[in-house]
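Below you'll find the structure, written out as structure tokens, and then a few comments.
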Amino acid sequence: MSPAASTASADPITSEVIRNKLEGIANEMEMTLLKSSFSPIVKEGLDTSASLFTVNAETLAQACAIPVHLATLIPAIHNMLQRFPLATMREGDAYILNDPYCGGTHLPDIALMTPVFHAGRVIALAATMTHHGDIGGYSPGSLPPGATEIYQEGLRIPPLKFRDAGEYNETLVALLRQNSRLPDSLMGDLNAQLAACNVGARRLGELATSYGAERLMAIFDDLLDRSERMTRAALRAIPNGTYRYVDTMDNDGIDLDRPLTIEVAVTVAEGSIEFDLTGTSAQVKGPMNCVPSGSQAAAYYAVRVLTDPAIPTNGGCFRPVAIKLPPGSLVNPVEPAPVNARTSTIKRIATSMVSALAQVLPQRVAAPAAGTLLVVAFGGRHDDGRRFIVGELIAGGSGAARGLDGVDVIDTDASNCMNLPAEALEMEAPLRLHRVELRRDSGGAGEYRGGLGVVREYEALADGIAFTHRGERHFSAAPGLDGGLPGASACSLIRRADGTQTTIASKLYTTLDAGDRVIVETPGGGGYGDPRRRKAIERDVADGKVSPEAARRLYGGE
Amino acid sequence: MARVRLANAARHMNEHSTWDVGVDIGGTFTDVVCRALDGRLHLAKIPTTRADPSRGVLHAIEHMRRAWNIEPRQIARFVHGTTVATNAVLERKGAKIGLITTQGFKDTLELGRQSRRAVYSVMLKPETPGFLAPGALRREVPERMAASGAVLVPLDEEAVRQAGRSLLAADVHAIAVVFLFSYLNPAHELRARELLLALRPDLMISLSCEVDPAFREYERTCITAFDAYLKPVIDRYLERMERDLAAHAVPAPLQIMQSRGGVACAQVARRRPVRLFLSGPAAGVIGASRVGREAGALDIISIDIGGTSADIALVHGGRPIIASEGTLDGYAVRVPMVDVNAIGAGGGSIAWLDAGGSLRVGPHSAGAEPGPACYARGGGQPTVTDASVVLGYIDPAYFAGGAVRLDPARARAAIERSIAQPLGMSVEQAALGIHRVVNANMAEGIRLVSVKRGIDPRGFALVPLGGAGPVHATALARDLGIRSIVVPRHPGVLSADGLLCAPVEHEAAKAYHRRLDEVDAPALAAQFEELDARCAALMAIEGVASAAVAVHYFADLCYVGQSYHLEVPVVLAAGVPQAIERDFYALHDRIYGHSTPGRVQFVNLRAVHQAAARELPAGFEAAAGQGAASKGVRAILTEATGGFVAARIHEREHLQPGSAIEGPAVIEQMDTTTVVDPGWRAQVHASGHIVMTWGETP
């Protein structure tokens with residue numbers, strides 16, 4: 001049952017057949033991960049990815065549900081190969097790391113890689129990354145909001161052997177178990193990662209048997225070259241030049257009065273693209289710092305958005321990409337800066353990189369989305385003493401484009417999270433949701449209107465509930481495009497049972513007692529074009545998305 | 001009217017014989033299957049009247065009378081599969097509806113779950129079906145249940161009346177009512193219906209506590225709104241069809257195929273139109289499972305290769321795998337359905353070269369119009385079907401039994417121009433390349449669907465359906481390590497045939513949030529009794545005697561804290577919670593690769609009542625014997641042959657049961673072509689289906 005041999009080593013047909021196989025293998029690895037993992041964040045948040053790499057640490061194929069995982073394994077694989085050269089690898093080895101300062105992302109994300117052997121030599125690498133339930137540190141879940149040093153965030157794992165020729169590294173396993181609040185879940189998920197890598201290794205081995213290892217590796221090179229050529233061709237279609245974009249983040253959660261700047265200069269020149277983040281704020285005390293793997297994921301996400309979606313995603317797409325990250329900055333912190341809350345930073349970097357090209361690529365780039373996920377979390381005890389903790393990730397609106405209104409309340413850019421149903425929230429915790437509704441007038445006005453944010457109103461039904469609010473876009477707004485107006489900024493407040501009311505300044509940790517209410521309003525996306533040209537404004541008013549007053553004032557409806 | 005006679009049945013008419021009739025109305029063709037108790041069988045494909053698909057039934061009745069001498073009064077059973085519900089959604093032709101919700105939650109339908117499908121794009125489109133009831137047609141009323149089901153805020157009845165009056169004034173034809181936690185306490189929704197009916201007694205109303213009594217308000221709102229959106233459309237459609245049948249004095253009641261793979265009478269089916277989304281494909285899977293059973297295969301993977309897509313489904317232990325939810329036009333539809341997974345690869349898939357010079361196939365398709373280049377209807381781009389012609393698989397003069405004459409020169413020219421010349425290879429090598437690429441796509445699709453269900457495809461038989469299915473079967477099986485293939489006797493009309501072997505089936509479910517260790521057998525029995533009563537009432541409408549009904553119970557379970565669940569069969573007996581727990585662990589282990597003893601909880605309970613269809617003989621008539629089975633040889637090229645080889649061409653009509661064919665060979669019939677690769681042996685089974693087996697150790 002072996003495919004017909006062909007004399008050419010990498011004809012365009014066999015290449016495409018192999019490409020389909022590689023994507024199938026990556027998907028099968030990802031399916032194995034999703035199915036056999038324990039941690040709910042993997043199963044329900046899809047916070048995991050599976051990749052195949054060449055022996056030169058270039059991505060061959062990847063399966064991931066959220067872009068923040070795109071290419072995020074590349075720096076980890078580089079660091080592993082530096083510490084453990086190919087020539088030293090043995091069949092049955094597995095390598096592990098999570099240290100953000102050695103190519104990782106944040107400590108709960110653990111990378112695991114196995115070499116793929118055929119006829120005694122390494123022909124490829126199979127790797128996975130999973131967000132684990134707990135890896136120590138000062139708060140359960142290893143995402144401490146007030147961390148000021150990485151040492152507070154959990155156990156750092158440099159590149160190490162997890163298995164040596166099929167034997168577990170028992171010293172490491174004992175150390176890992178001892179440092180996690182959920183040792184069984186940690187080991188279960190690591191074994192799921194190992195199982196996924198083994199699926200990749202088995203199926204790649206079958207391909208090598210069918211096609212011959214030499215020919216297969218030549219095809220790998222051909223596939224990377226093809227995606228590189230296609231990406232360069234797509235980049236050549238963008239006018240040469242440097243395109244800039246600056247955005248502001250509220251604060252790092254520690255220094256509440258200090259806004260942060262994200263500055264991007266995107267230079268497109270003859271089929272290459274450079275993202276220079278010079279001008280971005282210095283690193284911060286709080287955990288919003290983003291190590292280079294995060295900026296790289298954002299840059300690769302941007303390249304995929306800006307070029308032809310038909311280009312097969314692999315390491316070839318990333319060859320024309322250069323990234324400049326000023327040392328000691330928010331996007332290239334020096335250790336021991338804390339990094340666990342870097343997702344909100346990656347989201348804004350990604351949006352900024354894409355938005356910089358809005359003027360030259362109107363067919364691919366909409367007005368900026370709100371570009372944030374509000375994190376709220378409630379923790380405490382039920383009447384009967386049982387503990388509860390529920391968290392929610394709440395999106396805003398997306399940006400409008402020529403011919404296209406923004407979408408209301410949808411996760412954009414580097415993340416892709418689901419919300420929590422009221423009926424799930426109220427079963428889990430002594431909370432009541434009084435309303436979940438579209439936030440009228442929050443979409444940026446325009447000929448094409450920006451997407452709306454959402455209003456959620458919670459009431460505490462018990463005393464002593466610890467409440468975390470990690471907001472963004474409270475002090476800035478998603479701008480409009482080509483005459484469109486900005487979306488509304490975020491706005492949250494606490495109304496205590498006694499009637500006193502306080503505005504939440506972006507980030508807050510406090511305690512709620514029975515009867516206290518929290519009302520959050522997420523930001524809207526930017527509008528596109530002159531609002532006075534909007535044709536659907538009457539429908540907007542009828543459907544309650546725009547108030548009659550705003551229709552008159554912004555859309556000139558009278 | 002183009003008519004294709006597929007069977008060779010006796011022409012004489014028996015005045016007293018009765019017929020079971022299956023009519024599957026698709027977008028292009030209406031398939032008709034008539035079976036008699038004595039094994040006689042008639043099949044036809046007649047074009048669908050696109051403007052009014054329900055006319056297909058009249059055409060079928062006319063055709064039966066004229067071609068086969070079957071009078072309408074001889075019809076003992078009439079089962080219909082339809083795409084009308086699906087098309088109403090795809091074409092946005094449902095009714096104008098209103099939506100009434102709990103105060104503070106009228107936007108749930110539009111807010112959805114906030115995740116997106118287009119991951120690498122900032123040009124986003126809505127993920128939720130807000131079009132079902134835009135803001136102007138949504139109303140809120142004061143009322144509220146707690147998560148315990150207790151009443152927190154009583155229903156404001158005047159607010160319901162006001163909401164109803166204003167929606168009626170806005171000219172809605174149906175109203176959906178969705179209150180929070182109604183799956184735990186339906187009192188307010190039930191009372192709202194009374195109040196609305198008092199305003200207009202014939203108003204169509206869908207209550208979420210009846211359509212989908214399960215938690216998560218977006219999914220429940222979505223499916224309830226779809227139900228209301230479809231009700232007036234389906235009601236009209238079925239009423240017209242019943243009237244037509246009555247006008248022809250057809251004594252059989254109209255039965256409709258539901259997405260779960262069971263049929264229901266029209267009177268019941270119109271109450272819950274969202275159960276009809278997969279009416280047609282479900283019948284195909286039921287048909288495939290019958291084919292597998294007749295050929296001795298209980299574990300099968302069916303792949304129905306059409307023009308633009310391939311539908312993949314699994315049958316395990318003779319039972320089609322049922323999913324508790326699916327998607328329609330990208331929207332979540334939480335209603336049980338046969339688990340059919342579509343991938344964008346079919347006979348019409350277009351082959352193209354990307355900017356990097358690689359040969360790609362699909363996802364764009366030439367569809368039926370203009371169709372592949374060889375159809376000579378203006379299509380100039382090369383497709384998979386064009387490649388099949390160049391490679392010798394399809395005889396251009398004998399496609400669809402000769403009903404469509406293909407132009408091989410156009411097939412060659414299209415492949416030459418778009419693929420072969422730019423790549424500097426022969427037309428034949430380019431055509432083979434198209435097949436290799438599309439087969440790799442489909443094989444990975446099948447593998448993923450199997451792996452997702454914890455199933456190794458190597459132990460399953462492949463059942464290829466659709467006109468193009470058997471063309472690809474041996475190549476796909478080889479890739480997947482599958483060693484057995486069953487080609488149905490009539491793959492082109494399998495959906496219509498499946499209609500006749502599906503049971504009458506009714507299902508009732510309820511949310512049941514209890515930990516396993518809090519429940520005993522009597523408590524469960526009491527819950528199922530309530531569900532049994534609901535199913536029995538529906539069976540009574542069908543006129544099915546309770547003695548003929550088989551009852552099955554199921555429970556959806558999860559570990560405490562998990563937010564997804566698995567369905568486990570329940571047998572009410574002493575020690576039932578322990579048995580359920582054991583089965584849950586085993587299933588969790590099979591599907592998710594692990595299970596550990598832990599706290600397990602119920603999510604939903606479900607009763608399924610089935611009454612089997614009357615047993616009809618397989619209906620295979622042996623070849624008349626007058627024609628020669630072998631029609632000579634033709635050169636074919638497959639990946640397995642390497643170069644062109646002489647393949648013997650066989651006429652399926654003339655193959656006797658037991659006769660065996662060694663690959664390379666091609667078996668031709670009116671509705672499909674089967675390619676037998678070298679190493680495969682095809683044998684006509686006693687049932688009339690062809691069983692192909694891999695001859696050597698792979």
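Residues in the structure tokens are named by chain (A, B, ... in the order shown) and by number from 1 within that chain; ligands are numbered from 1 in the order shown.
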
Next on the checklist: Please check the contacts: residues of chain B at most 6 Å away from chain A, using only C-alpha atoms, listed as a ChimeraX atom specification.
Outcome noted: /B:104-105,107,113-115,120-121,123,126,135-136,147,216,355-356,358-359,433,437,440,444,592-593,642,698

For N, CA and C atoms, I'd like the residues from the last selection saved as a compact mmCIF listing (two decimals), in the first residue's frame.
# COMPACT_ATOMS: atom_id res chain seq x y z
N GLY B 104 -34.37 42.29 30.69
CA GLY B 104 -32.92 42.41 30.76
C GLY B 104 -32.19 41.48 29.80
N PHE B 105 -32.94 40.58 29.11
CA PHE B 105 -32.29 39.57 28.29
C PHE B 105 -32.81 39.50 26.86
N ASP B 107 -31.62 40.76 24.24
CA ASP B 107 -30.58 40.72 23.21
C ASP B 107 -29.80 39.41 23.16
N ARG B 113 -22.27 33.85 21.86
CA ARG B 113 -21.22 33.39 22.75
C ARG B 113 -19.92 34.15 22.54
N GLN B 114 -19.89 35.12 21.65
CA GLN B 114 -18.79 36.08 21.42
C GLN B 114 -17.53 35.51 20.77
N SER B 115 -17.49 34.21 20.47
CA SER B 115 -16.32 33.69 19.75
C SER B 115 -16.60 33.77 18.24
N TYR B 120 -8.35 34.43 11.46
CA TYR B 120 -7.31 35.32 10.93
C TYR B 120 -7.92 36.38 10.01
N SER B 121 -8.83 37.16 10.56
CA SER B 121 -9.46 38.23 9.78
C SER B 121 -9.95 39.29 10.75
N MET B 123 -12.16 41.52 9.21
CA MET B 123 -13.39 41.87 8.50
C MET B 123 -14.44 40.84 8.93
N PRO B 126 -21.46 38.77 11.47
CA PRO B 126 -22.14 38.30 12.69
C PRO B 126 -22.12 36.77 12.80
N GLY B 135 -33.93 43.65 16.83
CA GLY B 135 -34.29 44.38 18.05
C GLY B 135 -35.72 44.90 18.06
N ALA B 136 -36.19 45.38 16.91
CA ALA B 136 -37.53 45.97 16.85
C ALA B 136 -38.61 44.95 17.12
N ALA B 147 -31.97 30.09 39.92
CA ALA B 147 -31.27 28.90 39.45
C ALA B 147 -31.80 27.64 40.14
N ARG B 216 -28.15 26.97 29.34
CA ARG B 216 -27.42 27.86 28.43
C ARG B 216 -28.44 28.62 27.57
N ALA B 355 -0.43 30.74 -5.74
CA ALA B 355 0.66 31.65 -6.13
C ALA B 355 2.03 31.00 -5.93
N GLY B 356 2.10 29.94 -5.13
CA GLY B 356 3.37 29.25 -4.93
C GLY B 356 3.58 28.12 -5.93
N SER B 358 1.55 25.43 -6.31
CA SER B 358 1.06 24.13 -5.85
C SER B 358 -0.32 23.86 -6.42
N LEU B 359 -0.58 22.59 -6.65
CA LEU B 359 -1.89 22.18 -7.13
C LEU B 359 -2.85 22.10 -5.94
N GLY B 433 -2.95 13.89 -10.41
CA GLY B 433 -2.62 14.79 -9.32
C GLY B 433 -3.87 15.35 -8.66
N VAL B 437 -4.73 14.76 -4.69
CA VAL B 437 -4.91 15.85 -3.73
C VAL B 437 -6.30 15.78 -3.08
N ALA B 440 -6.50 12.92 -0.65
CA ALA B 440 -5.80 13.20 0.61
C ALA B 440 -6.67 14.07 1.51
N GLU B 444 -8.14 12.64 5.13
CA GLU B 444 -7.87 13.33 6.41
C GLU B 444 -9.17 13.74 7.08
N TYR B 592 -12.35 10.20 25.27
CA TYR B 592 -11.36 11.20 25.70
C TYR B 592 -10.04 10.59 26.13
N GLY B 593 -9.93 9.28 26.07
CA GLY B 593 -8.64 8.67 26.31
C GLY B 593 -8.29 8.48 27.78
N GLY B 642 0.09 3.28 -11.08
CA GLY B 642 1.32 3.93 -11.52
C GLY B 642 1.23 4.42 -12.95
N PRO B 698 -1.73 -5.14 3.68
CA PRO B 698 -1.37 -3.77 3.28
C PRO B 698 -0.01 -3.37 3.83

Run DSSP on the backbone and tell me which residues of segment 30-191 of chain B come out as helix (DSSP H, G or I); list them as a PDB file with N, CA and C atoms, in the first residue's frame.
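Output contents, as saved in result35.pdb:
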ATOM      1  N   ARG B  55     -44.467  20.103  -5.086  1.00  0.00           N
ATOM      2  CA  ARG B  55     -45.045  19.482  -6.280  1.00  0.00           C
ATOM      3  C   ARG B  55     -44.388  18.132  -6.557  1.00  0.00           C
ATOM      4  N   GLY B  56     -43.212  17.927  -6.025  1.00  0.00           N
ATOM      5  CA  GLY B  56     -42.494  16.673  -6.253  1.00  0.00           C
ATOM      6  C   GLY B  56     -43.316  15.460  -5.891  1.00  0.00           C
ATOM      7  N   VAL B  57     -44.176  15.603  -4.868  1.00  0.00           N
ATOM      8  CA  VAL B  57     -44.997  14.482  -4.450  1.00  0.00           C
ATOM      9  C   VAL B  57     -46.027  14.147  -5.517  1.00  0.00           C
ATOM     10  N   LEU B  58     -46.637  15.189  -6.089  1.00  0.00           N
ATOM     11  CA  LEU B  58     -47.614  14.961  -7.155  1.00  0.00           C
ATOM     12  C   LEU B  58     -46.954  14.302  -8.357  1.00  0.00           C
ATOM     13  N   HIS B  59     -45.754  14.831  -8.688  1.00  0.00           N
ATOM     14  CA  HIS B  59     -45.038  14.241  -9.810  1.00  0.00           C
ATOM     15  C   HIS B  59     -44.716  12.782  -9.541  1.00  0.00           C
ATOM     16  N   ALA B  60     -44.360  12.488  -8.297  1.00  0.00           N
ATOM     17  CA  ALA B  60     -44.022  11.110  -7.948  1.00  0.00           C
ATOM     18  C   ALA B  60     -45.250  10.211  -8.115  1.00  0.00           C
ATOM     19  N   ILE B  61     -46.404  10.698  -7.668  1.00  0.00           N
ATOM     20  CA  ILE B  61     -47.616   9.885  -7.760  1.00  0.00           C
ATOM     21  C   ILE B  61     -47.992   9.643  -9.229  1.00  0.00           C
ATOM     22  N   GLU B  62     -47.879  10.699 -10.039  1.00  0.00           N
ATOM     23  CA  GLU B  62     -48.154  10.537 -11.469  1.00  0.00           C
ATOM     24  C   GLU B  62     -47.211   9.510 -12.078  1.00  0.00           C
ATOM     25  N   HIS B  63     -45.934   9.663 -11.698  1.00  0.00           N
ATOM     26  CA  HIS B  63     -44.927   8.769 -12.265  1.00  0.00           C
ATOM     27  C   HIS B  63     -45.210   7.320 -11.868  1.00  0.00           C
ATOM     28  N   MET B  64     -45.614   7.105 -10.631  1.00  0.00           N
ATOM     29  CA  MET B  64     -45.878   5.749 -10.156  1.00  0.00           C
ATOM     30  C   MET B  64     -47.029   5.124 -10.946  1.00  0.00           C
ATOM     31  N   ARG B  65     -48.033   5.936 -11.203  1.00  0.00           N
ATOM     32  CA  ARG B  65     -49.197   5.403 -11.911  1.00  0.00           C
ATOM     33  C   ARG B  65     -48.830   5.075 -13.356  1.00  0.00           C
ATOM     34  N   ARG B  66     -48.144   6.010 -13.979  1.00  0.00           N
ATOM     35  CA  ARG B  66     -47.877   5.867 -15.402  1.00  0.00           C
ATOM     36  C   ARG B  66     -46.819   4.791 -15.673  1.00  0.00           C
ATOM     37  N   ALA B  67     -45.728   4.838 -14.955  1.00  0.00           N
ATOM     38  CA  ALA B  67     -44.598   3.958 -15.273  1.00  0.00           C
ATOM     39  C   ALA B  67     -44.740   2.577 -14.643  1.00  0.00           C
ATOM     40  N   TRP B  68     -45.368   2.528 -13.470  1.00  0.00           N
ATOM     41  CA  TRP B  68     -45.356   1.255 -12.747  1.00  0.00           C
ATOM     42  C   TRP B  68     -46.755   0.716 -12.447  1.00  0.00           C
ATOM     43  N   PRO B  72     -52.657   5.259  -6.374  1.00  0.00           N
ATOM     44  CA  PRO B  72     -52.461   5.904  -5.061  1.00  0.00           C
ATOM     45  C   PRO B  72     -53.093   5.110  -3.922  1.00  0.00           C
ATOM     46  N   ARG B  73     -54.243   4.446  -4.171  1.00  0.00           N
ATOM     47  CA  ARG B  73     -54.901   3.739  -3.058  1.00  0.00           C
ATOM     48  C   ARG B  73     -54.106   2.520  -2.601  1.00  0.00           C
ATOM     49  N   GLN B  74     -53.103   2.121  -3.395  1.00  0.00           N
ATOM     50  CA  GLN B  74     -52.275   0.971  -2.998  1.00  0.00           C
ATOM     51  C   GLN B  74     -51.116   1.390  -2.083  1.00  0.00           C
ATOM     52  N   VAL B  84     -36.884  21.350   3.025  1.00  0.00           N
ATOM     53  CA  VAL B  84     -37.603  22.624   3.072  1.00  0.00           C
ATOM     54  C   VAL B  84     -37.212  23.459   4.299  1.00  0.00           C
ATOM     55  N   ALA B  85     -36.977  22.807   5.452  1.00  0.00           N
ATOM     56  CA  ALA B  85     -36.613  23.565   6.661  1.00  0.00           C
ATOM     57  C   ALA B  85     -35.242  24.204   6.481  1.00  0.00           C
ATOM     58  N   THR B  86     -34.295  23.416   5.992  1.00  0.00           N
ATOM     59  CA  THR B  86     -32.941  23.918   5.785  1.00  0.00           C
ATOM     60  C   THR B  86     -32.934  25.065   4.769  1.00  0.00           C
ATOM     61  N   ASN B  87     -33.637  24.864   3.666  1.00  0.00           N
ATOM     62  CA  ASN B  87     -33.648  25.904   2.634  1.00  0.00           C
ATOM     63  C   ASN B  87     -34.297  27.191   3.115  1.00  0.00           C
ATOM     64  N   ALA B  88     -35.344  27.073   3.937  1.00  0.00           N
ATOM     65  CA  ALA B  88     -35.995  28.283   4.447  1.00  0.00           C
ATOM     66  C   ALA B  88     -34.996  29.127   5.232  1.00  0.00           C
ATOM     67  N   VAL B  89     -34.080  28.464   5.944  1.00  0.00           N
ATOM     68  CA  VAL B  89     -33.064  29.203   6.698  1.00  0.00           C
ATOM     69  C   VAL B  89     -31.998  29.758   5.747  1.00  0.00           C
ATOM     70  N   LEU B  90     -31.488  28.894   4.854  1.00  0.00           N
ATOM     71  CA  LEU B  90     -30.412  29.334   3.961  1.00  0.00           C
ATOM     72  C   LEU B  90     -30.869  30.491   3.082  1.00  0.00           C
ATOM     73  N   THR B 108     -30.156  38.460  24.027  1.00  0.00           N
ATOM     74  CA  THR B 108     -29.414  37.196  24.072  1.00  0.00           C
ATOM     75  C   THR B 108     -29.237  36.580  22.684  1.00  0.00           C
ATOM     76  N   LEU B 109     -30.309  36.621  21.877  1.00  0.00           N
ATOM     77  CA  LEU B 109     -30.258  36.017  20.535  1.00  0.00           C
ATOM     78  C   LEU B 109     -29.129  36.601  19.692  1.00  0.00           C
ATOM     79  N   GLU B 110     -28.903  37.894  19.848  1.00  0.00           N
ATOM     80  CA  GLU B 110     -27.915  38.561  19.006  1.00  0.00           C
ATOM     81  C   GLU B 110     -26.518  38.548  19.639  1.00  0.00           C
ATOM     82  N   LEU B 111     -26.455  38.459  20.971  1.00  0.00           N
ATOM     83  CA  LEU B 111     -25.160  38.501  21.654  1.00  0.00           C
ATOM     84  C   LEU B 111     -24.391  37.199  21.475  1.00  0.00           C
ATOM     85  N   GLY B 130     -29.299  37.075  14.354  1.00  0.00           N
ATOM     86  CA  GLY B 130     -30.120  38.203  14.776  1.00  0.00           C
ATOM     87  C   GLY B 130     -31.277  38.465  13.812  1.00  0.00           C
ATOM     88  N   PHE B 131     -31.103  37.993  12.550  1.00  0.00           N
ATOM     89  CA  PHE B 131     -32.147  38.238  11.551  1.00  0.00           C
ATOM     90  C   PHE B 131     -33.465  37.557  11.921  1.00  0.00           C
ATOM     91  N   LEU B 132     -33.408  36.542  12.778  1.00  0.00           N
ATOM     92  CA  LEU B 132     -34.643  35.837  13.141  1.00  0.00           C
ATOM     93  C   LEU B 132     -35.620  36.787  13.830  1.00  0.00           C
ATOM     94  N   GLY B 135     -33.926  43.652  16.829  1.00  0.00           N
ATOM     95  CA  GLY B 135     -34.294  44.378  18.048  1.00  0.00           C
ATOM     96  C   GLY B 135     -35.721  44.898  18.058  1.00  0.00           C
ATOM     97  N   ALA B 136     -36.187  45.378  16.911  1.00  0.00           N
ATOM     98  CA  ALA B 136     -37.527  45.972  16.847  1.00  0.00           C
ATOM     99  C   ALA B 136     -38.615  44.948  17.116  1.00  0.00           C
ATOM    100  N   LEU B 137     -38.300  43.663  16.988  1.00  0.00           N
ATOM    101  CA  LEU B 137     -39.320  42.622  17.185  1.00  0.00           C
ATOM    102  C   LEU B 137     -39.042  41.801  18.434  1.00  0.00           C
ATOM    103  N   GLU B 157     -48.450  39.679  33.840  1.00  0.00           N
ATOM    104  CA  GLU B 157     -49.320  39.189  32.778  1.00  0.00           C
ATOM    105  C   GLU B 157     -49.733  40.302  31.822  1.00  0.00           C
ATOM    106  N   GLU B 158     -49.922  41.484  32.380  1.00  0.00           N
ATOM    107  CA  GLU B 158     -50.313  42.594  31.502  1.00  0.00           C
ATOM    108  C   GLU B 158     -49.174  42.923  30.533  1.00  0.00           C
ATOM    109  N   ALA B 159     -47.935  42.790  31.025  1.00  0.00           N
ATOM    110  CA  ALA B 159     -46.786  43.050  30.147  1.00  0.00           C
ATOM    111  C   ALA B 159     -46.742  42.044  29.003  1.00  0.00           C
ATOM    112  N   VAL B 160     -47.118  40.797  29.291  1.00  0.00           N
ATOM    113  CA  VAL B 160     -47.151  39.778  28.228  1.00  0.00           C
ATOM    114  C   VAL B 160     -48.197  40.157  27.187  1.00  0.00           C
ATOM    115  N   ARG B 161     -49.375  40.544  27.677  1.00  0.00           N
ATOM    116  CA  ARG B 161     -50.442  40.933  26.734  1.00  0.00           C
ATOM    117  C   ARG B 161     -49.989  42.108  25.865  1.00  0.00           C
ATOM    118  N   GLN B 162     -49.371  43.089  26.532  1.00  0.00           N
ATOM    119  CA  GLN B 162     -48.908  44.262  25.783  1.00  0.00           C
ATOM    120  C   GLN B 162     -47.867  43.876  24.739  1.00  0.00           C
ATOM    121  N   ALA B 163     -46.926  43.027  25.147  1.00  0.00           N
ATOM    122  CA  ALA B 163     -45.885  42.586  24.215  1.00  0.00           C
ATOM    123  C   ALA B 163     -46.532  41.877  23.037  1.00  0.00           C
ATOM    124  N   GLY B 164     -47.484  40.979  23.342  1.00  0.00           N
ATOM    125  CA  GLY B 164     -48.169  40.231  22.288  1.00  0.00           C
ATOM    126  C   GLY B 164     -48.904  41.159  21.347  1.00  0.00           C
ATOM    127  N   ARG B 165     -49.646  42.119  21.943  1.00  0.00           N
ATOM    128  CA  ARG B 165     -50.418  43.040  21.096  1.00  0.00           C
ATOM    129  C   ARG B 165     -49.499  43.840  20.176  1.00  0.00           C
ATOM    130  N   SER B 166     -48.383  44.333  20.724  1.00  0.00           N
ATOM    131  CA  SER B 166     -47.521  45.167  19.880  1.00  0.00           C
ATOM    132  C   SER B 166     -46.834  44.327  18.803  1.00  0.00           C
ATOM    133  N   LEU B 167     -46.517  43.080  19.109  1.00  0.00           N
ATOM    134  CA  LEU B 167     -45.901  42.229  18.083  1.00  0.00           C
ATOM    135  C   LEU B 167     -46.920  41.872  17.000  1.00  0.00           C
ATOM    136  N   LEU B 168     -48.147  41.606  17.420  1.00  0.00           N
ATOM    137  CA  LEU B 168     -49.178  41.304  16.423  1.00  0.00           C
ATOM    138  C   LEU B 168     -49.434  42.521  15.545  1.00  0.00           C
ATOM    139  N   ALA B 169     -49.378  43.690  16.164  1.00  0.00           N
ATOM    140  CA  ALA B 169     -49.557  44.915  15.386  1.00  0.00           C
ATOM    141  C   ALA B 169     -48.416  45.082  14.390  1.00  0.00           C
ATOM    142  N   ALA B 187     -43.421  27.279  34.346  1.00  0.00           N
ATOM    143  CA  ALA B 187     -44.742  27.856  34.634  1.00  0.00           C
ATOM    144  C   ALA B 187     -44.977  29.181  33.902  1.00  0.00           C
ATOM    145  N   HIS B 188     -43.967  30.053  33.917  1.00  0.00           N
ATOM    146  CA  HIS B 188     -44.183  31.365  33.303  1.00  0.00           C
ATOM    147  C   HIS B 188     -44.314  31.275  31.788  1.00  0.00           C
ATOM    148  N   GLU B 189     -43.527  30.408  31.170  1.00  0.00           N
ATOM    149  CA  GLU B 189     -43.648  30.269  29.707  1.00  0.00           C
ATOM    150  C   GLU B 189     -45.018  29.683  29.343  1.00  0.00           C
ATOM    151  N   LEU B 190     -45.447  28.700  30.115  1.00  0.00           N
ATOM    152  CA  LEU B 190     -46.740  28.070  29.815  1.00  0.00           C
ATOM    153  C   LEU B 190     -47.873  29.085  29.965  1.00  0.00           C
ATOM    154  N   ARG B 191     -47.784  29.907  31.026  1.00  0.00           N
ATOM    155  CA  ARG B 191     -48.816  30.918  31.248  1.00  0.00           C
ATOM    156  C   ARG B 191     -48.770  31.997  30.147  1.00  0.00           C
TER     157      ARG B 191
END

Item to check | Neighbour list for segment 328-342 of chain A as an NGL selection string, cut-off 10 Å, only C-alpha atoms, skip fewer than 6 positions in-chain | outcome: :A and (100-101 or 105-109 or 142-154 or 252 or 260-262 or 277-296 or 349 or 470)

Item to check | Residue nearest His69 of chain A among A:Ile519, A:Leu172, A:Ala50, A:Ala124 (counting only C-alpha atoms) | outcome: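 Of the candidates, the smallest distance to His69 of chain A is held by A:Ala50.
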